[in-house]
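Engineer: This is the structure I want to talk about, given as structure tokens.
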Amino acid sequence: MARNKHPEQTLEKIVVTAARLFVEKGYEQTSVQDILDATGLSKGGLYHHFKSKEQILDAVMQRRIQYVNKRFQELIRNTPDKNAKEKLKKILGQLAADAETHALDQALASQLDPHFVVNGIQTCVAQDAPIVAGLIREGNRDGSLHVQQPELCAEVFLMLLNYWANPVLFHRNSEETEVRLRYLQSVMIQLGLDLIDDSLIADLIQAYVQ
């Protein structure tokens with residue numbers, strides 16, 4: 001049997017193709033044969049990397065998490081603005097409008113594994129919140145924000161925005177989602193983190209509730 005000279009490329013091809021099919025057809029409606037047909041691989045070639053469709057789903061979800069984290073870091077580095085508050089608002093708006101960030105949400109809504117939810121929460125608190133807290137401290141210094149305990153505020157904000165207000169996790173419609181985003185907006189104003197405006201709410205609803 002010929003040895004695969006580029007296993008990383010084959011693995012990436014499987015994951016990218018499966019992600020596209022999950023979005024187009026839905027996870028349940030996508031069969032392993034569909035993935036084989038789209039990639040041109042044999043069963044042996046696919047099963048060398050993944051033993052089941054569930055394992056492919058795991059890889060697709062991990063790839064999505066990596067993409068979002070990479071995109072967030074890029075925006076932090078490359079989004080100039082007059083002050084930290086406006087920079088944070090612009091970053092949130094660009095993430096909300098990023099189609100790839102949300103493309104898999106609806107397709108995988110019924111397949112959310114608690115492992116990935118917990119992993120996402122841990123990443124949110126351990127990696128993303130400290131970065132946001134740094135920008136909040138910068139906002140406190142430049143006068144655009146007035147937040148006590150930036151670290152805790154950043155954790156609360158991201159946890160509520162990414163999980164509590166996320167309609168995919170709770171199967172909410174657009175009206176229910178807007179109520180929670182409006183409430184989150186008012187809570188953050190009281191905490192001195194006035195980042196959520198009407199434009200962001202509209203973008204989030206459009207991205208989450210197709």
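In the structure tokens, each chain is lettered A, B, ... as it comes, each chain's residues begin at 1, and ligands are numbered from 1 in order of appearance.
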List the spatial neighbours of Thr10 (chain A) as a list of chain:residue names - criterion: any atom at most 12 Å away, only C-alpha atoms, same-chain residues fewer than 4 positions off excluded.
Structural biologist: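 The contact residues come out as A:Asn4, A:Lys5, A:His6, A:Ile14, A:Val15, A:Val16, A:Thr17, A:Leu36, A:Thr39, A:Gly40, A:Leu41, A:Ser42, A:Gly45, A:Leu46, A:Tyr47, A:His48, A:His49, A:Phe50.
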Engineer: So which residues touch Val187 (chain A) within 12 Å, counting only C-alpha atoms, skipping near sequence neighbours fewer than 4 positions away, as a list in words?
Structural biologist: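 So the residues in contact are Cys153, Val156, Phe157, Leu160, Leu161, Arg180, Leu181, Arg182, Tyr183, Leu191, Gly192, Leu193, Asp194, Leu195 and Ile196 of chain A.
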Engineer: Would you write out those residues with N, CA, C and O atoms, as a PDB file, in the first residue's frame?
Structural biologist:
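This went into selection.pdb:
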ATOM      1  N   CYS A 153     -14.541  41.909  35.422  1.00  0.00           N
ATOM      2  CA  CYS A 153     -15.524  42.458  34.501  1.00  0.00           C
ATOM      3  C   CYS A 153     -15.376  41.811  33.122  1.00  0.00           C
ATOM      4  O   CYS A 153     -16.375  41.471  32.465  1.00  0.00           O
ATOM      5  N   VAL A 156     -16.859  38.262  33.240  1.00  0.00           N
ATOM      6  CA  VAL A 156     -18.324  38.290  33.265  1.00  0.00           C
ATOM      7  C   VAL A 156     -18.879  38.661  31.892  1.00  0.00           C
ATOM      8  O   VAL A 156     -19.811  38.026  31.381  1.00  0.00           O
ATOM      9  N   PHE A 157     -18.292  39.679  31.294  1.00  0.00           N
ATOM     10  CA  PHE A 157     -18.773  40.144  29.993  1.00  0.00           C
ATOM     11  C   PHE A 157     -18.691  39.048  28.933  1.00  0.00           C
ATOM     12  O   PHE A 157     -19.671  38.768  28.228  1.00  0.00           O
ATOM     13  N   LEU A 160     -21.101  35.997  29.639  1.00  0.00           N
ATOM     14  CA  LEU A 160     -22.503  36.300  29.355  1.00  0.00           C
ATOM     15  C   LEU A 160     -22.738  36.470  27.861  1.00  0.00           C
ATOM     16  O   LEU A 160     -23.741  35.992  27.317  1.00  0.00           O
ATOM     17  N   LEU A 161     -21.817  37.143  27.187  1.00  0.00           N
ATOM     18  CA  LEU A 161     -21.990  37.379  25.755  1.00  0.00           C
ATOM     19  C   LEU A 161     -21.875  36.083  24.952  1.00  0.00           C
ATOM     20  O   LEU A 161     -22.710  35.799  24.083  1.00  0.00           O
ATOM     21  N   ARG A 180     -32.160  39.363  25.919  1.00  0.00           N
ATOM     22  CA  ARG A 180     -30.974  39.085  26.729  1.00  0.00           C
ATOM     23  C   ARG A 180     -29.812  40.006  26.379  1.00  0.00           C
ATOM     24  O   ARG A 180     -29.060  40.432  27.255  1.00  0.00           O
ATOM     25  N   LEU A 181     -29.667  40.313  25.105  1.00  0.00           N
ATOM     26  CA  LEU A 181     -28.610  41.247  24.715  1.00  0.00           C
ATOM     27  C   LEU A 181     -28.888  42.651  25.252  1.00  0.00           C
ATOM     28  O   LEU A 181     -27.961  43.358  25.668  1.00  0.00           O
ATOM     29  N   ARG A 182     -30.150  43.049  25.253  1.00  0.00           N
ATOM     30  CA  ARG A 182     -30.507  44.359  25.827  1.00  0.00           C
ATOM     31  C   ARG A 182     -30.229  44.382  27.331  1.00  0.00           C
ATOM     32  O   ARG A 182     -29.750  45.386  27.874  1.00  0.00           O
ATOM     33  N   TYR A 183     -30.541  43.293  27.992  1.00  0.00           N
ATOM     34  CA  TYR A 183     -30.276  43.236  29.435  1.00  0.00           C
ATOM     35  C   TYR A 183     -28.768  43.259  29.698  1.00  0.00           C
ATOM     36  O   TYR A 183     -28.300  43.969  30.605  1.00  0.00           O
ATOM     37  N   LEU A 191     -21.613  48.570  34.926  1.00  0.00           N
ATOM     38  CA  LEU A 191     -20.255  48.184  35.317  1.00  0.00           C
ATOM     39  C   LEU A 191     -19.190  49.076  34.674  1.00  0.00           C
ATOM     40  O   LEU A 191     -17.995  48.876  34.900  1.00  0.00           O
ATOM     41  N   GLY A 192     -19.626  50.050  33.872  1.00  0.00           N
ATOM     42  CA  GLY A 192     -18.681  50.971  33.243  1.00  0.00           C
ATOM     43  C   GLY A 192     -18.120  50.486  31.927  1.00  0.00           C
ATOM     44  O   GLY A 192     -17.214  51.102  31.364  1.00  0.00           O
ATOM     45  N   LEU A 193     -18.658  49.366  31.421  1.00  0.00           N
ATOM     46  CA  LEU A 193     -18.163  48.799  30.163  1.00  0.00           C
ATOM     47  C   LEU A 193     -19.240  48.956  29.096  1.00  0.00           C
ATOM     48  O   LEU A 193     -19.919  48.015  28.711  1.00  0.00           O
ATOM     49  N   ASP A 194     -19.375  50.179  28.609  1.00  0.00           N
ATOM     50  CA  ASP A 194     -20.440  50.523  27.663  1.00  0.00           C
ATOM     51  C   ASP A 194     -19.981  50.210  26.239  1.00  0.00           C
ATOM     52  O   ASP A 194     -19.577  51.094  25.481  1.00  0.00           O
ATOM     53  N   LEU A 195     -20.065  48.923  25.870  1.00  0.00           N
ATOM     54  CA  LEU A 195     -19.577  48.483  24.566  1.00  0.00           C
ATOM     55  C   LEU A 195     -20.681  48.032  23.621  1.00  0.00           C
ATOM     56  O   LEU A 195     -20.512  48.058  22.405  1.00  0.00           O
ATOM     57  N   ILE A 196     -21.795  47.598  24.163  1.00  0.00           N
ATOM     58  CA  ILE A 196     -22.857  47.015  23.339  1.00  0.00           C
ATOM     59  C   ILE A 196     -23.800  48.114  22.877  1.00  0.00           C
ATOM     60  O   ILE A 196     -24.466  48.757  23.694  1.00  0.00           O
TER      61      ILE A 196
END
Engineer: Hey, what's within 10 Å of Ile136 (chain A) if we count only C-alpha atoms and toss same-chain stuff fewer than 5 positions away? As a VMD selection string, please?
Structural biologist: chain A and resid 84 to 85 88 130 to 131 141 to 142 144 to 151 153 to 154 192 to 193
Engineer: May I have the selected residues written with N, CA and C atoms, as a tab-separated table (two decimals), in the first residue's frame?
Structural biologist:
chain	number	residue	atom	x	y	z
A	84	ALA	N	-9.36	53.02	23.70
A	84	ALA	CA	-9.56	51.59	23.92
A	84	ALA	C	-11.03	51.18	23.81
A	85	LYS	N	-11.93	52.03	24.26
A	85	LYS	CA	-13.36	51.70	24.16
A	85	LYS	C	-13.77	51.53	22.71
A	88	LEU	N	-12.33	48.29	21.26
A	88	LEU	CA	-13.07	47.12	21.69
A	88	LEU	C	-14.40	46.99	20.95
A	130	PRO	N	-8.21	37.79	29.88
A	130	PRO	CA	-7.06	38.63	30.22
A	130	PRO	C	-6.71	39.65	29.13
A	131	ILE	N	-6.91	39.28	27.86
A	131	ILE	CA	-6.65	40.23	26.77
A	131	ILE	C	-7.64	41.38	26.82
A	141	ARG	N	-7.16	54.11	31.61
A	141	ARG	CA	-6.07	55.09	31.58
A	141	ARG	C	-6.36	56.24	30.62
A	142	ASP	N	-6.97	55.91	29.44
A	142	ASP	CA	-7.21	56.99	28.49
A	142	ASP	C	-8.55	57.71	28.72
A	144	SER	N	-11.64	56.58	28.43
A	144	SER	CA	-12.81	56.16	27.65
A	144	SER	C	-13.66	55.13	28.39
A	145	LEU	N	-13.08	54.48	29.42
A	145	LEU	CA	-13.82	53.51	30.24
A	145	LEU	C	-13.57	53.82	31.71
A	146	HIS	N	-14.50	53.35	32.53
A	146	HIS	CA	-14.39	53.55	33.98
A	146	HIS	C	-14.87	52.26	34.65
A	147	VAL	N	-13.99	51.28	34.66
A	147	VAL	CA	-14.35	49.94	35.11
A	147	VAL	C	-13.52	49.57	36.33
A	148	GLN	N	-14.20	49.17	37.39
A	148	GLN	CA	-13.52	48.61	38.54
A	148	GLN	C	-13.29	47.12	38.31
A	149	GLN	N	-12.15	46.63	38.79
A	149	GLN	CA	-11.78	45.22	38.65
A	149	GLN	C	-11.91	44.74	37.19
A	150	PRO	N	-11.08	45.26	36.30
A	150	PRO	CA	-11.17	44.91	34.89
A	150	PRO	C	-11.12	43.41	34.60
A	151	GLU	N	-10.32	42.66	35.37
A	151	GLU	CA	-10.20	41.23	35.12
A	151	GLU	C	-11.54	40.52	35.32
A	153	CYS	N	-14.54	41.91	35.42
A	153	CYS	CA	-15.52	42.46	34.50
A	153	CYS	C	-15.38	41.81	33.12
A	154	ALA	N	-14.15	41.62	32.67
A	154	ALA	CA	-13.91	41.00	31.37
A	154	ALA	C	-14.43	39.57	31.35
A	192	GLY	N	-19.63	50.05	33.87
A	192	GLY	CA	-18.68	50.97	33.24
A	192	GLY	C	-18.12	50.49	31.93
A	193	LEU	N	-18.66	49.37	31.42
A	193	LEU	CA	-18.16	48.80	30.16
A	193	LEU	C	-19.24	48.96	29.10
Engineer: Find the residues around Asp98 (chain A) up to 10 Å (only C-alpha atoms counted), leave out those fewer than 4 positions away in its own chain, and share them as a PDB file with N, CA, C and O atoms, in the first residue's frame.
Structural biologist:
ATOM      1  N   VAL A  68     -11.499  31.154  15.611  1.00  0.00           N
ATOM      2  CA  VAL A  68     -12.029  32.308  16.350  1.00  0.00           C
ATOM      3  C   VAL A  68     -10.929  32.937  17.206  1.00  0.00           C
ATOM      4  O   VAL A  68     -10.789  34.164  17.255  1.00  0.00           O
ATOM      5  N   ARG A  71      -8.519  34.778  14.941  1.00  0.00           N
ATOM      6  CA  ARG A  71      -9.150  36.009  14.432  1.00  0.00           C
ATOM      7  C   ARG A  71      -9.175  37.084  15.515  1.00  0.00           C
ATOM      8  O   ARG A  71      -8.907  38.260  15.237  1.00  0.00           O
ATOM      9  N   LEU A  92     -15.448  43.821  18.550  1.00  0.00           N
ATOM     10  CA  LEU A  92     -16.676  43.048  18.761  1.00  0.00           C
ATOM     11  C   LEU A  92     -17.553  43.074  17.515  1.00  0.00           C
ATOM     12  O   LEU A  92     -18.143  42.058  17.132  1.00  0.00           O
ATOM     13  N   GLY A  93     -17.641  44.233  16.878  1.00  0.00           N
ATOM     14  CA  GLY A  93     -18.450  44.348  15.672  1.00  0.00           C
ATOM     15  C   GLY A  93     -17.914  43.494  14.538  1.00  0.00           C
ATOM     16  O   GLY A  93     -18.687  42.849  13.814  1.00  0.00           O
ATOM     17  N   GLN A  94     -16.590  43.467  14.395  1.00  0.00           N
ATOM     18  CA  GLN A  94     -15.999  42.672  13.319  1.00  0.00           C
ATOM     19  C   GLN A  94     -16.152  41.177  13.581  1.00  0.00           C
ATOM     20  O   GLN A  94     -16.398  40.398  12.652  1.00  0.00           O
ATOM     21  N   HIS A 102     -19.552  32.187  12.693  1.00  0.00           N
ATOM     22  CA  HIS A 102     -20.872  31.692  13.059  1.00  0.00           C
ATOM     23  C   HIS A 102     -21.424  30.632  12.117  1.00  0.00           C
ATOM     24  O   HIS A 102     -22.499  30.101  12.356  1.00  0.00           O
ATOM     25  N   ALA A 103     -20.692  30.311  11.056  1.00  0.00           N
ATOM     26  CA  ALA A 103     -21.236  29.457  10.010  1.00  0.00           C
ATOM     27  C   ALA A 103     -21.684  28.091  10.523  1.00  0.00           C
ATOM     28  O   ALA A 103     -22.698  27.550  10.080  1.00  0.00           O
ATOM     29  N   ASP A 203     -26.121  42.996  14.612  1.00  0.00           N
ATOM     30  CA  ASP A 203     -25.161  42.098  13.966  1.00  0.00           C
ATOM     31  C   ASP A 203     -25.169  40.725  14.629  1.00  0.00           C
ATOM     32  O   ASP A 203     -25.104  39.690  13.945  1.00  0.00           O
ATOM     33  N   ALA A 207     -26.242  37.215  12.935  1.00  0.00           N
ATOM     34  CA  ALA A 207     -25.267  36.140  12.841  1.00  0.00           C
ATOM     35  C   ALA A 207     -25.753  34.859  13.509  1.00  0.00           C
ATOM     36  O   ALA A 207     -25.582  33.763  12.985  1.00  0.00           O
TER      37      ALA A 207
END
